[in-house]
Amino acid sequence: MSPRDTVGGDEATASLGEARGLVYRAGNATLIDGLDLTLEKAGLTVVMGPNGAGKSLLLRLLHGMLTPTAGEVLWDGRPLDDEQRRRQAMVFQRPVLLRRSVAANLHFVLEGTRRRQRERVVALLEEVGLGHHLADKPARLLSGGEQQRLNLARALALEPGVLFLDEPTASLDPGSTAAIEEVVRHAHGNGTKIIFVTHDLGQARRLADDVVFLNRGRVEEHGPAREFFEHPVTRAAADYLAGRLILR
């Protein structure tokens with residue numbers, strides 16, 4: 001761990017999630033290597049690092065989509081279980097949608113809830129900036145940015161306490177990116193913990209309260225965003241921010 005491995009000092013007791021000694025191996029390759037991380041309840045956390053650093057793997061391990069080779073993931077001080085996973089959601093770079101209408105995609109997620117679904121679908125579409133006039137349109141006919149906003153609406157439908165976002169704007173135009181960033185800010189403002197992977201330094205500067213910098217499957221820095229961008233502690237982070245970090 002780097003010397004800057006917590007956020008907020010006195011707020012350390014407000015930890016939400018932890019990774020302890022996390023290891024993930026695939027064949028003979030160690031992709032996550034003894035990773036330790038504490039995530040606070042407050043703040044929008046951005047995860048950054050070079051290609052192959054383990055960013056997407058970390059999200060999948062934290063969310064329980066993958067089982068670590070060694071180490072453990074804790075949420076609220078307890079090992080990750082099905083109940084905790086139901087209070088989380090994840091959005092990937094490529095939208096994963098049903099081949100149905102926009103509204104049907106949301107009804108599918110809301111099935112079994114006690115909410116009045118019609119009103120909830122309209123509210124979700126408004127929340128992500130999609131007009132209710134799109135409700136009956138086939139989801140596959142939406143633009144890329146609209147599909148990703150629908151994907152976000154699906155994730156937000158069950159009001160998750162933690163929302164993982166794995167480069168959700170990587171292939172989108174600036175207008176769509178701005179729209180999704182606004183949805184993310186709104187969700188964060190409503191109390192959802194956001195853990196957001198991005199390669200985009202500008203996006204990270206706009207969104208991050210704290211930055212987790214990964215390199216070679218380990219956390220090399222974790223601290224307040226302004227400190228990270230203005231005064232990186234490690235050589236690897238400084239090289240990454242300058243665009244000269246080369247993996248060997």
# chains A, B, ... in the order shown; residues from 1 in each chain; ligands from 1
>>> select_by_dssp(residues="segment 139-177 of chain A", states="strand (DSSP E or B)", output="list in words")
Val162, Leu163, Phe164, Leu165 and Asp166 of chain A
>>> residues_around(residues="Gln88 of chain A", least_positions_apart="3", cutoff="7 Å", atoms="only C-alpha atoms", output="count of residues only")
6
>>> closest_atom_pairs(of="segment 121-213 of chain A", to="segment 223-245 of chain A", cutoff="7 Å", atoms="only C-alpha atoms", output="tab-separated table")
residue	atom	partner	partner_atom	distance
A:Ala208	CA	A:Ala225	CA	5.9
A:Asp209	CA	A:Ala225	CA	5.4
A:Asp210	CA	A:Pro224	CA	4.2
A:Val211	CA	A:Ala225	CA	5.3
A:Val212	CA	A:Gly223	CA	6.9
>>> write_last_selection(atoms="N, CA, C and O atoms", output="short mmCIF file (atom, residue, chain, number, x, y, z; two decimals), in the first residue's frame")
data_model
loop_
_atom_site.label_atom_id
_atom_site.label_comp_id
_atom_site.auth_asym_id
_atom_site.auth_seq_id
_atom_site.Cartn_x
_atom_site.Cartn_y
_atom_site.Cartn_z
N ALA A 208 -14.44 12.53 -9.79
CA ALA A 208 -13.87 11.82 -8.64
C ALA A 208 -13.80 12.68 -7.38
O ALA A 208 -13.36 13.83 -7.41
N ASP A 209 -14.21 12.08 -6.27
CA ASP A 209 -13.86 12.59 -4.95
C ASP A 209 -12.56 11.95 -4.48
O ASP A 209 -11.71 12.60 -3.87
N ASP A 210 -12.41 10.65 -4.77
CA ASP A 210 -11.17 9.95 -4.47
C ASP A 210 -10.81 9.07 -5.65
O ASP A 210 -11.68 8.66 -6.43
N VAL A 211 -9.51 8.80 -5.79
CA VAL A 211 -9.00 8.00 -6.90
C VAL A 211 -8.25 6.79 -6.36
O VAL A 211 -7.40 6.93 -5.47
N VAL A 212 -8.58 5.62 -6.91
CA VAL A 212 -7.81 4.40 -6.67
C VAL A 212 -6.96 4.18 -7.91
O VAL A 212 -7.50 4.01 -9.01
#
>>> residues_around(residues="segment 138-155 of chain A", least_positions_apart="2", cutoff="9 Å", atoms="only C-alpha atoms", output="ChimeraX atom specification")
/A:88-106,108-110,121,124-125,127-130,134-136,157-160,163,168-169,171-173,175-177,179-180,183-184
>>> closest_residue(among="A:Leu156, A:Leu61, A:Leu31, A:Leu201", to="Leu74 of chain A", atoms="only C-alpha atoms")
A:Leu61
>>> atom_distance(atom1="atom CA of Glu182 of chain A", atom2="atom CA of Gly131 of chain A")
15.7 Å
>>> residues_around(residues="Arg25 of chain A", least_positions_apart="6", cutoff="12 Å", atoms="only C-alpha atoms", output="ChimeraX atom specification")
/A:31-34,54,57,61,66-71,217
>>> closest_residue(among="A:Lys137, A:Asp200, A:Val73, A:Leu44", to="Leu58 of chain A", atoms="only C-alpha atoms")
A:Val73
>>> residues_around(residues="Ile195 of chain A", least_positions_apart="4", cutoff="6 Å", atoms="only C-alpha atoms", output="VMD selection string")
chain A and resid 45 to 46 164
>>> write_last_selection(atoms="C-alpha atoms", output="PDB file, in the first residue's frame")
ATOM      1  CA  THR A  45     -14.598   6.691  -6.208  1.00  0.00           C
ATOM      2  CA  VAL A  46     -12.830   6.540  -9.581  1.00  0.00           C
ATOM      3  CA  PHE A 164     -20.199  -0.279 -10.186  1.00  0.00           C
TER       4      PHE A 164
END
>>> closest_residue(among="A:Glu40, A:Glu111, A:Glu126, A:Asp82", to="Glu18 of chain A", atoms="only C-alpha atoms")
A:Glu40
>>> select_by_dssp(residues="segment 19-246 of chain A", states="helix (DSSP H, G or I)", output="PyMOL selection string")
chain A and resi 55-63+82-85+102-110+117-127+132-134+139-141+144-156+174-189+201-207+225-230+235-241
>>> atom_distance(atom1="atom CA of Met65 of chain A", atom2="atom CA of Ala53 of chain A")
18.1 Å
>>> closest_residue(among="A:Arg20, A:Arg78, A:Lys193, A:Arg206", to="Ala42 of chain A", atoms="only C-alpha atoms")
A:Lys193
>>> atom_distance(atom1="atom CA of Glu167 of chain A", atom2="atom CA of Asn215 of chain A")
17.1 Å
>>> closest_residue(among="A:Gly43, A:Gly191, A:Gly49, A:Gly17", to="Trp75 of chain A", atoms="only C-alpha atoms")
A:Gly17
